[in-house]
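For reference, entry.tsv (TSV, C-alpha atoms):
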chain	number	residue	atom	x	y	z
A	102	MET	CA	0.00	0.00	0.00
A	103	SER	CA	1.44	3.36	-1.02
A	104	ARG	CA	2.31	5.96	1.58
A	105	PRO	CA	-0.28	8.54	0.34
A	106	ILE	CA	-3.07	5.95	0.68
A	107	VAL	CA	-1.95	5.02	4.19
A	108	VAL	CA	-1.87	8.68	5.18
A	109	LEU	CA	-5.33	9.21	3.69
A	110	MET	CA	-6.72	6.22	5.61
A	111	LEU	CA	-5.25	7.51	8.86
A	112	VAL	CA	-6.78	10.93	8.25
A	113	LEU	CA	-10.17	9.36	7.51
A	114	LEU	CA	-9.96	7.24	10.67
A	115	CYS	CA	-9.13	10.34	12.74
A	116	LEU	CA	-12.02	12.23	11.20
A	117	ALA	CA	-14.38	9.34	11.89
A	118	GLY	CA	-13.21	9.23	15.49
A	119	ALA	CA	-13.70	12.97	15.88
A	120	GLN	CA	-17.22	12.71	14.45
A	121	THR	CA	-18.04	9.85	16.82
A	122	THR	CA	-16.75	11.88	19.77
A	123	ALA	CA	-18.73	14.92	18.67
A	124	ALA	CA	-21.87	12.80	18.28
A	125	ALA	CA	-21.46	11.34	21.75
A	126	GLU	CA	-20.91	14.81	23.20
A	127	ALA	CA	-23.96	16.12	21.37
A	128	GLN	CA	-26.14	13.37	22.79
A	129	LYS	CA	-25.34	14.05	26.42
A	130	ALA	CA	-28.68	14.23	28.19
A	131	ILE	CA	-29.70	17.28	30.21
A	132	LEU	CA	-32.79	17.78	32.37
A	133	VAL	CA	-34.17	21.32	32.51
A	134	THR	CA	-36.95	22.07	35.01
A	135	GLY	CA	-39.40	24.91	34.42
A	136	ALA	CA	-38.77	24.61	30.68
A	137	SER	CA	-42.09	25.87	29.34
A	138	THR	CA	-41.43	29.63	29.20
A	139	GLY	CA	-38.88	32.39	29.71
A	140	ILE	CA	-35.37	31.46	30.78
A	141	GLY	CA	-36.15	27.74	30.96
A	142	ARG	CA	-37.54	27.67	27.42
A	143	ASN	CA	-34.51	29.61	26.14
A	144	ILE	CA	-32.11	27.18	27.85
A	145	THR	CA	-34.02	24.22	26.43
A	146	GLU	CA	-34.00	25.57	22.88
A	147	THR	CA	-30.31	26.52	23.10
A	148	LEU	CA	-29.22	23.09	24.33
A	149	ALA	CA	-31.40	21.31	21.78
A	150	ALA	CA	-30.03	23.44	18.94
A	151	LYS	CA	-26.52	22.38	19.99
A	152	GLY	CA	-27.55	18.78	19.56
A	153	TYR	CA	-27.91	17.75	23.18
A	154	LEU	CA	-30.80	15.57	24.30
A	155	VAL	CA	-32.97	17.74	26.53
A	156	TYR	CA	-35.51	16.38	28.96
A	157	ALA	CA	-37.76	19.41	29.37
A	158	GLY	CA	-39.77	19.52	32.58
A	159	ALA	CA	-43.16	21.23	32.53
A	160	ARG	CA	-46.59	20.88	34.18
A	161	LYS	CA	-49.29	21.82	31.67
A	162	PRO	CA	-50.34	19.44	28.86
A	163	GLU	CA	-50.20	22.23	26.27
A	164	ASP	CA	-46.65	23.14	27.30
A	165	LEU	CA	-45.56	19.49	27.17
A	166	ALA	CA	-47.04	19.17	23.68
A	167	ALA	CA	-45.25	22.33	22.48
A	168	LEU	CA	-41.90	21.20	23.91
A	169	ASN	CA	-42.20	17.79	22.25
A	170	LYS	CA	-42.31	19.50	18.86
A	171	ILE	CA	-38.72	20.76	19.29
A	172	ASP	CA	-35.98	18.58	17.81
A	173	ASN	CA	-33.85	16.81	20.45
A	174	VAL	CA	-36.40	17.58	23.19
A	175	VAL	CA	-38.36	15.04	25.21
A	176	ALA	CA	-40.99	16.68	27.39
A	177	ILE	CA	-41.29	15.30	30.92
A	178	ARG	CA	-44.23	16.05	33.21
A	179	LEU	CA	-42.53	17.47	36.26
A	180	ASP	CA	-43.89	19.60	39.08
A	181	VAL	CA	-40.91	20.18	41.39
A	182	THR	CA	-43.25	20.36	44.40
A	183	VAL	CA	-44.68	16.86	43.82
A	184	GLN	CA	-42.38	14.02	44.87
A	185	SER	CA	-44.34	11.38	42.96
A	186	GLU	CA	-43.83	13.29	39.70
A	187	ILE	CA	-40.11	13.67	40.44
A	188	ASP	CA	-39.83	9.92	41.12
A	189	ALA	CA	-41.71	9.15	37.91
A	190	ALA	CA	-39.36	11.43	35.96
A	191	VAL	CA	-36.33	9.59	37.37
A	192	ALA	CA	-37.83	6.23	36.35
A	193	ASN	CA	-38.71	7.58	32.90
A	194	ILE	CA	-35.22	8.90	32.23
A	195	ARG	CA	-33.53	5.76	33.57
A	196	LYS	CA	-35.73	3.61	31.32
A	197	ARG	CA	-34.57	5.53	28.24
A	198	GLY	CA	-31.05	4.27	28.87
A	199	LYS	CA	-29.08	7.40	27.97
A	200	GLY	CA	-28.20	8.34	31.52
A	201	LEU	CA	-28.18	11.96	32.65
A	202	TYR	CA	-25.16	14.22	32.36
A	203	GLY	CA	-26.62	17.55	33.40
A	204	LEU	CA	-29.33	18.95	35.63
A	205	VAL	CA	-30.56	22.53	35.30
A	206	ASN	CA	-32.76	23.47	38.27
A	207	ASN	CA	-34.60	26.36	36.68
A	208	ALA	CA	-38.22	26.18	37.87
A	209	GLY	CA	-39.04	29.26	39.91
A	210	VAL	CA	-41.79	31.59	41.07
A	211	ALA	CA	-41.98	35.03	42.63
A	212	VAL	CA	-43.99	36.04	45.68
A	213	VAL	CA	-43.98	39.67	46.77
A	214	GLY	CA	-45.32	41.56	49.74
A	215	PRO	CA	-44.31	43.24	53.01
A	216	MET	CA	-42.56	40.86	55.39
A	217	ILE	CA	-44.96	41.73	58.21
A	218	GLU	CA	-48.00	41.06	56.04
A	219	VAL	CA	-47.11	38.34	53.55
A	220	ASP	CA	-49.39	35.33	53.84
A	221	GLU	CA	-47.71	32.24	55.29
A	222	ALA	CA	-49.15	30.07	52.53
A	223	ASP	CA	-47.48	32.36	49.99
A	224	MET	CA	-44.18	32.11	51.84
A	225	GLN	CA	-44.44	28.32	51.86
A	226	PHE	CA	-45.24	28.31	48.15
A	227	GLN	CA	-42.22	30.51	47.44
A	228	MET	CA	-39.81	28.22	49.27
A	229	ASP	CA	-41.49	25.04	48.06
A	230	VAL	CA	-40.69	25.87	44.45
A	231	ASN	CA	-37.50	27.94	44.58
A	232	LEU	CA	-35.64	26.16	47.39
A	233	TYR	CA	-37.19	22.78	48.10
A	234	GLY	CA	-37.69	22.25	44.36
A	235	PRO	CA	-33.94	22.15	43.57
A	236	TYR	CA	-33.34	20.19	46.77
A	237	ARG	CA	-35.90	17.51	45.84
A	238	VAL	CA	-34.95	17.22	42.19
A	239	THR	CA	-31.19	17.17	42.81
A	240	LYS	CA	-31.55	14.57	45.55
A	241	ALA	CA	-33.63	12.34	43.28
A	242	PHE	CA	-31.35	12.63	40.25
A	243	ALA	CA	-28.02	12.64	42.14
A	244	PRO	CA	-27.31	8.93	41.48
A	245	LEU	CA	-27.61	9.46	37.71
A	246	ILE	CA	-25.46	12.60	37.80
A	247	ILE	CA	-22.81	10.87	39.92
A	248	GLU	CA	-22.76	7.91	37.52
A	249	SER	CA	-21.92	10.26	34.64
A	250	LYS	CA	-19.63	12.57	36.66
A	251	GLY	CA	-21.85	15.30	35.31
A	252	ARG	CA	-22.89	18.82	36.18
A	253	ILE	CA	-25.59	20.50	38.27
A	254	THR	CA	-26.58	24.12	37.86
A	255	THR	CA	-29.37	26.08	39.52
A	256	THR	CA	-30.96	29.33	38.41
A	257	GLY	CA	-30.48	31.78	41.25
A	258	SER	CA	-30.72	35.54	40.84
A	259	ILE	CA	-28.90	38.75	41.67
A	260	SER	CA	-31.65	38.84	44.30
A	261	GLY	CA	-29.52	36.23	46.03
A	262	THR	CA	-27.23	39.18	46.85
A	263	LEU	CA	-29.67	42.08	46.73
A	264	SER	CA	-32.75	42.61	48.88
A	265	ALA	CA	-35.46	45.21	48.38
A	266	PRO	CA	-38.76	46.25	49.95
A	267	PHE	CA	-41.62	43.90	49.08
A	268	LEU	CA	-39.33	41.38	47.32
A	269	GLY	CA	-38.42	39.71	50.60
A	270	PRO	CA	-39.90	36.23	49.97
A	271	TYR	CA	-38.27	35.99	46.54
A	272	SER	CA	-34.92	37.32	47.78
A	273	MET	CA	-34.97	34.95	50.75
A	274	SER	CA	-35.41	31.98	48.44
A	275	LYS	CA	-32.54	33.10	46.21
A	276	HIS	CA	-30.24	33.83	49.16
A	277	ALA	CA	-30.92	30.27	50.29
A	278	VAL	CA	-30.02	28.95	46.83
A	279	GLU	CA	-26.59	30.57	47.25
A	280	ALA	CA	-25.95	28.64	50.45
A	281	TYR	CA	-27.37	25.47	48.91
A	282	THR	CA	-24.97	25.79	45.97
A	283	ASP	CA	-21.91	26.33	48.16
A	284	THR	CA	-22.64	23.27	50.27
A	285	LEU	CA	-23.67	21.05	47.36
A	286	ALA	CA	-20.56	21.97	45.39
A	287	ALA	CA	-18.30	21.00	48.30
A	288	GLU	CA	-20.14	17.74	48.89
A	289	MET	CA	-20.26	16.66	45.23
A	290	GLU	CA	-16.58	17.38	44.59
A	291	LYS	CA	-15.55	13.90	45.77
A	292	PHE	CA	-17.67	12.38	42.98
A	293	GLY	CA	-16.23	14.56	40.23
A	294	VAL	CA	-19.53	16.45	39.85
A	295	LYS	CA	-19.29	20.20	39.26
A	296	VAL	CA	-21.98	22.50	40.68
A	297	SER	CA	-22.81	26.08	39.67
A	298	VAL	CA	-25.40	28.77	40.24
A	299	ILE	CA	-26.51	31.18	37.50
A	300	GLU	CA	-27.52	34.60	38.82
A	301	PRO	CA	-29.53	36.51	36.21
A	302	GLY	CA	-30.56	40.13	36.41
A	303	ASN	CA	-33.56	41.48	34.51
A	304	PHE	CA	-34.38	39.52	31.37
A	305	ASN	CA	-37.59	38.92	29.47
A	306	SER	CA	-39.59	36.27	31.30
A	307	GLU	CA	-43.11	35.58	32.56
A	308	ILE	CA	-42.28	35.17	36.25
A	309	PHE	CA	-44.00	38.37	37.40
A	310	ALA	CA	-46.97	37.84	35.10
A	311	ALA	CA	-47.44	34.47	36.80
A	312	MET	CA	-47.13	36.18	40.19
A	313	ARG	CA	-49.89	38.66	39.35
A	314	LYS	CA	-52.09	35.88	37.95
A	315	ARG	CA	-51.73	33.88	41.16
A	316	MET	CA	-52.67	36.93	43.24
A	317	GLU	CA	-55.80	37.43	41.14
A	318	GLN	CA	-56.75	33.75	41.41
A	319	ARG	CA	-56.44	33.92	45.19
A	320	GLY	CA	-58.38	37.19	45.36
A	321	GLN	CA	-55.43	39.05	46.88
A	322	THR	CA	-55.30	42.84	46.82
A	323	VAL	CA	-53.24	45.50	48.56
A	324	GLU	CA	-56.31	47.19	49.99
A	325	GLY	CA	-55.86	47.79	53.70
A	326	SER	CA	-52.12	47.19	53.65
A	327	ARG	CA	-49.91	49.54	55.66
A	328	TYR	CA	-47.97	49.86	52.42
A	329	GLU	CA	-50.93	50.19	50.06
A	330	ALA	CA	-49.64	53.27	48.22
A	331	GLU	CA	-46.11	51.92	47.84
A	332	LEU	CA	-47.29	48.50	46.64
A	333	GLN	CA	-49.65	50.08	44.16
A	334	GLU	CA	-46.90	52.30	42.77
A	335	ARG	CA	-43.99	49.86	42.76
A	336	LEU	CA	-45.74	46.63	41.84
A	337	LEU	CA	-49.34	46.63	40.77
A	338	SER	CA	-49.31	49.72	38.55
A	339	ARG	CA	-46.39	48.40	36.51
A	340	PRO	CA	-47.03	46.23	33.43
A	341	THR	CA	-46.24	42.53	33.77
A	342	ASP	CA	-44.92	42.51	30.20
A	343	ARG	CA	-41.12	42.35	30.43
A	344	SER	CA	-40.41	42.64	26.71
A	345	GLN	CA	-38.43	45.82	27.41
A	346	TYR	CA	-35.72	43.51	28.74
A	347	PRO	CA	-33.52	41.41	26.44
A	348	ALA	CA	-34.13	37.75	25.71
A	349	PRO	CA	-32.15	35.58	28.14
A	350	ASP	CA	-29.65	34.34	25.55
A	351	ALA	CA	-26.75	35.36	27.80
A	352	VAL	CA	-28.22	33.25	30.61
A	353	SER	CA	-28.32	30.21	28.33
A	354	ALA	CA	-24.71	30.89	27.30
A	355	ALA	CA	-23.71	30.83	30.97
A	356	VAL	CA	-25.56	27.53	31.43
A	357	LEU	CA	-23.65	26.06	28.48
A	358	HIS	CA	-20.36	27.12	30.06
A	359	ALA	CA	-21.36	25.72	33.44
A	360	LEU	CA	-22.38	22.39	31.91
A	361	PHE	CA	-19.60	21.78	29.43
A	362	ASP	CA	-16.54	23.94	30.01
A	363	PRO	CA	-13.57	22.02	31.49
A	364	ALA	CA	-13.28	24.67	34.21
A	365	PRO	CA	-16.80	25.81	35.14
A	366	ARG	CA	-17.27	28.61	37.62
A	367	LEU	CA	-19.18	28.28	40.86
A	368	ARG	CA	-21.07	31.54	40.22
A	369	TYR	CA	-22.19	33.26	37.03
A	370	MET	CA	-23.67	36.73	37.39
A	371	VAL	CA	-25.45	37.51	34.12
A	372	VAL	CA	-26.95	40.98	33.84
A	373	PRO	CA	-28.10	43.05	30.85
A	374	ASN	CA	-26.33	46.29	31.76
A	375	GLN	CA	-23.53	47.87	33.81
A	376	ARG	CA	-25.94	49.38	36.32
A	377	GLU	CA	-27.23	46.02	37.53
A	378	ALA	CA	-23.69	44.67	37.76
A	379	GLU	CA	-22.52	47.64	39.82
A	380	ILE	CA	-25.49	47.55	42.20
A	381	THR	CA	-24.93	43.86	42.87
A	382	ILE	CA	-21.15	44.05	43.37
A	383	ARG	CA	-21.46	47.16	45.57
A	384	LYS	CA	-24.01	45.35	47.72
A	385	ALA	CA	-21.65	42.40	48.20
A	386	ILE	CA	-18.85	44.79	49.17
A	387	GLN	CA	-21.15	46.69	51.53
A	388	GLU	CA	-22.04	43.47	53.36
A	389	MET	CA	-18.37	42.62	53.75
A	390	VAL	CA	-17.68	46.06	55.21
A	391	GLN	CA	-20.65	45.73	57.59
A	392	LEU	CA	-19.44	42.32	58.75
A	393	ASN	CA	-16.01	43.75	59.48
A	394	GLN	CA	-17.18	46.93	61.20
A	395	ASP	CA	-16.46	47.27	64.93
A	396	GLN	CA	-16.07	43.56	65.58
A	397	ALA	CA	-13.47	42.15	67.92
A	398	TYR	CA	-11.13	41.10	65.11
A	399	SER	CA	-11.72	43.84	62.54
A	400	TYR	CA	-9.29	44.13	59.64
A	401	ASP	CA	-7.89	47.47	58.54
A	402	ARG	CA	-8.00	48.72	54.96
A	403	ASP	CA	-4.61	47.31	54.01
A	404	ALA	CA	-5.54	43.86	55.24
A	405	LEU	CA	-8.85	43.97	53.36
A	406	VAL	CA	-7.14	45.07	50.15
A	407	LYS	CA	-4.64	42.23	50.56
A	408	MET	CA	-7.51	39.75	50.93
A	409	LEU	CA	-9.12	41.16	47.79
A	410	ASP	CA	-5.86	40.84	45.87
A	411	GLU	CA	-5.52	37.24	47.02
A	412	ALA	CA	-9.09	36.49	45.93
A	413	LEU	CA	-8.47	38.07	42.52
A	414	ALA	CA	-5.24	36.15	41.93
A	415	PRO	CA	-5.50	33.27	39.44
A	416	PRO	CA	-5.52	29.82	41.04
A	417	PRO	CA	-2.18	28.02	41.08
A	418	ALA	CA	-1.53	25.72	38.16
A	419	LYS	CA	-2.18	22.06	38.86
A	420	GLN	CA	0.92	19.88	39.08
A	421	PRO	CA	1.16	17.25	36.33
Write-out of the structure in structure tokens:
Amino acid sequence: MSRPIVVLMLVLLCLAGAQTTAAAEAQKAILVTGASTGIGRNITETLAAKGYLVYAGARKPEDLAALNKIDNVVAIRLDVTVQSEIDAAVANIRKRGKGLYGLVNNAGVAVVGPMIEVDEADMQFQMDVNLYGPYRVTKAFAPLIIESKGRITTTGSISGTLSAPFLGPYSMSKHAVEAYTDTLAAEMEKFGVKVSVIEPGNFNSEIFAAMRKRMEQRGQTVEGSRYEAELQERLLSRPTDRSQYPAPDAVSAAVLHALFDPAPRLRYMVVPNQREAEITIRKAIQEMVQLNQDQAYSYDRDALVKMLDEALAPPPAKQP
């Protein structure tokens, strides 16, 4: 056999191997909860367009039907507050035999109201979806993720750093997601599973439209509230349409990085403008300063700057 033919055969074999590798990578399976609208729908469509197999969790039959029409998407009935549906989803995905490489805990809701007036049922609903939802789903799917040495990412929010009047329940849930992520990441490290939290700012979604709809269904108004004027001005008089904000493509890009980059980050703040970035970072700095103020072991400015420099330094290179 002549040398040119041998070289050609080797090249063809390498190309075939690369295509096989790419196909295997493209068919990694990812579960996305809350996939019917907004950020979850964008993440689902982005992953599917990249060739990944996406199990798209949703609750309503019409949403499941719409998701099933997308190439590379298998709709899964999944209410993150119902353990039986979570268990059924695990069994369904196991039965399909493709394993599960990635989990995107995206399902979320927003409850608003003054902390001294918010209904306890609303508070329970807020935590049931935004905090216990990721806890339940991750716990149920952990064996599959560990088997694949995969990735887990949860949709948090810059509200996990920020807090504002009347957004207390929502901010509390997202602050809790921050702590959940830190602990989960440390605990899953021994299994080779990487964990991240995505912290979006304001993007186009239906989360506040759903919040207003739930209030209407429950017959809730602000009449008689100690904060009636403020609630009317800041919340109820504003349109629920969020089309003035950009589509959450940047959020989906962060999810892709968290799921597939060799060196994923623990936190991804994704905001549409400099103002939201500055507000969030300044708030984090302010909390650090408040923690340090007038305590028995306070650090001076030089020591704090040194700590910041150390935190900003690139991690040491791993030894071969």
Skipping near chain neighbours, those fewer than 5 positions away, what residues fall within 12 Å of Tyr328 in chain A using all atoms listed in the file, listed as number ranges by chain? A: 214-219, 266-267, 322-323, 333-336
Might you pull out every residue within 8 Å of Tyr156 in chain A, with all atoms listed in the file counted and same-chain residues fewer than 4 positions away left off, and present them as a PyMOL selection string? chain A and resi 130-133+174-177
Shortest interatomic distance to Pro349 in chain A - which of A:Gln396, A:Asn303, A:Thr134, A:Gln391, counting all atoms listed in the file: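 Of the candidates, the smallest distance to Pro349 in chain A is held by A:Asn303.
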Residues at most 12 Å from Leu285 in chain A, counting all atoms listed in the file, excluding those fewer than 2 positions away in the same chain, as a list in words?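 Skipping anything fewer than 2 positions along the chain leaves Pro235, Tyr236, Thr239, Lys240, Ala243, Arg252, Ile253, Thr254, Thr255, Val278, Glu279, Ala280, Tyr281, Thr282, Asp283, Ala287, Glu288, Met289, Glu290, Lys291, Phe292, Val294, Lys295, Val296, Ser297, Val298 and Leu367 of chain A.
Non-sequential neighbours of Lys384 in chain A (distance at most 12 Å, separation of 2 or more positions within a chain, only C-alpha atoms) are Ile259, Ser260, Gly261, Thr262, Leu263, Ser264, Ala265, Glu377, Ala378, Glu379, Ile380, Thr381, Ile382, Ile386, Gln387, Glu388, Met389, Val390 and Gln391 of chain A.
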Nearest to Val356 in chain A, chosen from A:Leu268, A:Ile144, A:Ile194, A:Val406, with all atoms listed in the file counted in the distances: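 Result for the nearest residue to Val356 in chain A: A:Ile144.
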How far is it from CA of Ser344 in chain A to CA of Ser306 in chain A, in Å with one decimal?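 Between CA of Ser344 in chain A and CA of Ser306 in chain A the gap is 7.9 Å.
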Can you measure CA of Pro373 in chain A to CA of Glu411 in chain A for me? One decimal in Å is fine.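 Between these atoms lies a distance of 28.4 Å.
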Could you check the closest approach to Ala192 in chain A for each of A:Ser338, A:Ala241, A:Glu317, A:Ser274 and tell me which residue wins, using all atoms listed in the file?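 Under the stated criterion, the closest residue is A:Ala241.
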CA of Asn374 in chain A to CA of Arg339 in chain A: how many Å, to one decimal?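 It comes out at 20.7 Å.
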Of the candidates A:Arg178, A:Lys275, A:Lys151, A:Lys250, which one gets nearest to Ala190 in chain A if we count all atoms listed in the file?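 Nearest candidate to Ala190 in chain A out of A:Arg178, A:Lys275, A:Lys151, A:Lys250: A:Arg178.
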Which one of A:Arg142, A:Arg402, A:Arg313, A:Lys129 sits closest to Gly198 in chain A if you count all atoms listed in the file?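 Looking at the shortest contact to Gly198 in chain A, the residue is A:Lys129.
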Test item: residues at most 12 Å from Glu146 in chain A, all atoms listed in the file, excluding those fewer than 4 positions along its chain, as number ranges by chain: A: 131, 133, 136-142, 150-157, 167-175, 349-350, 353-354, 357
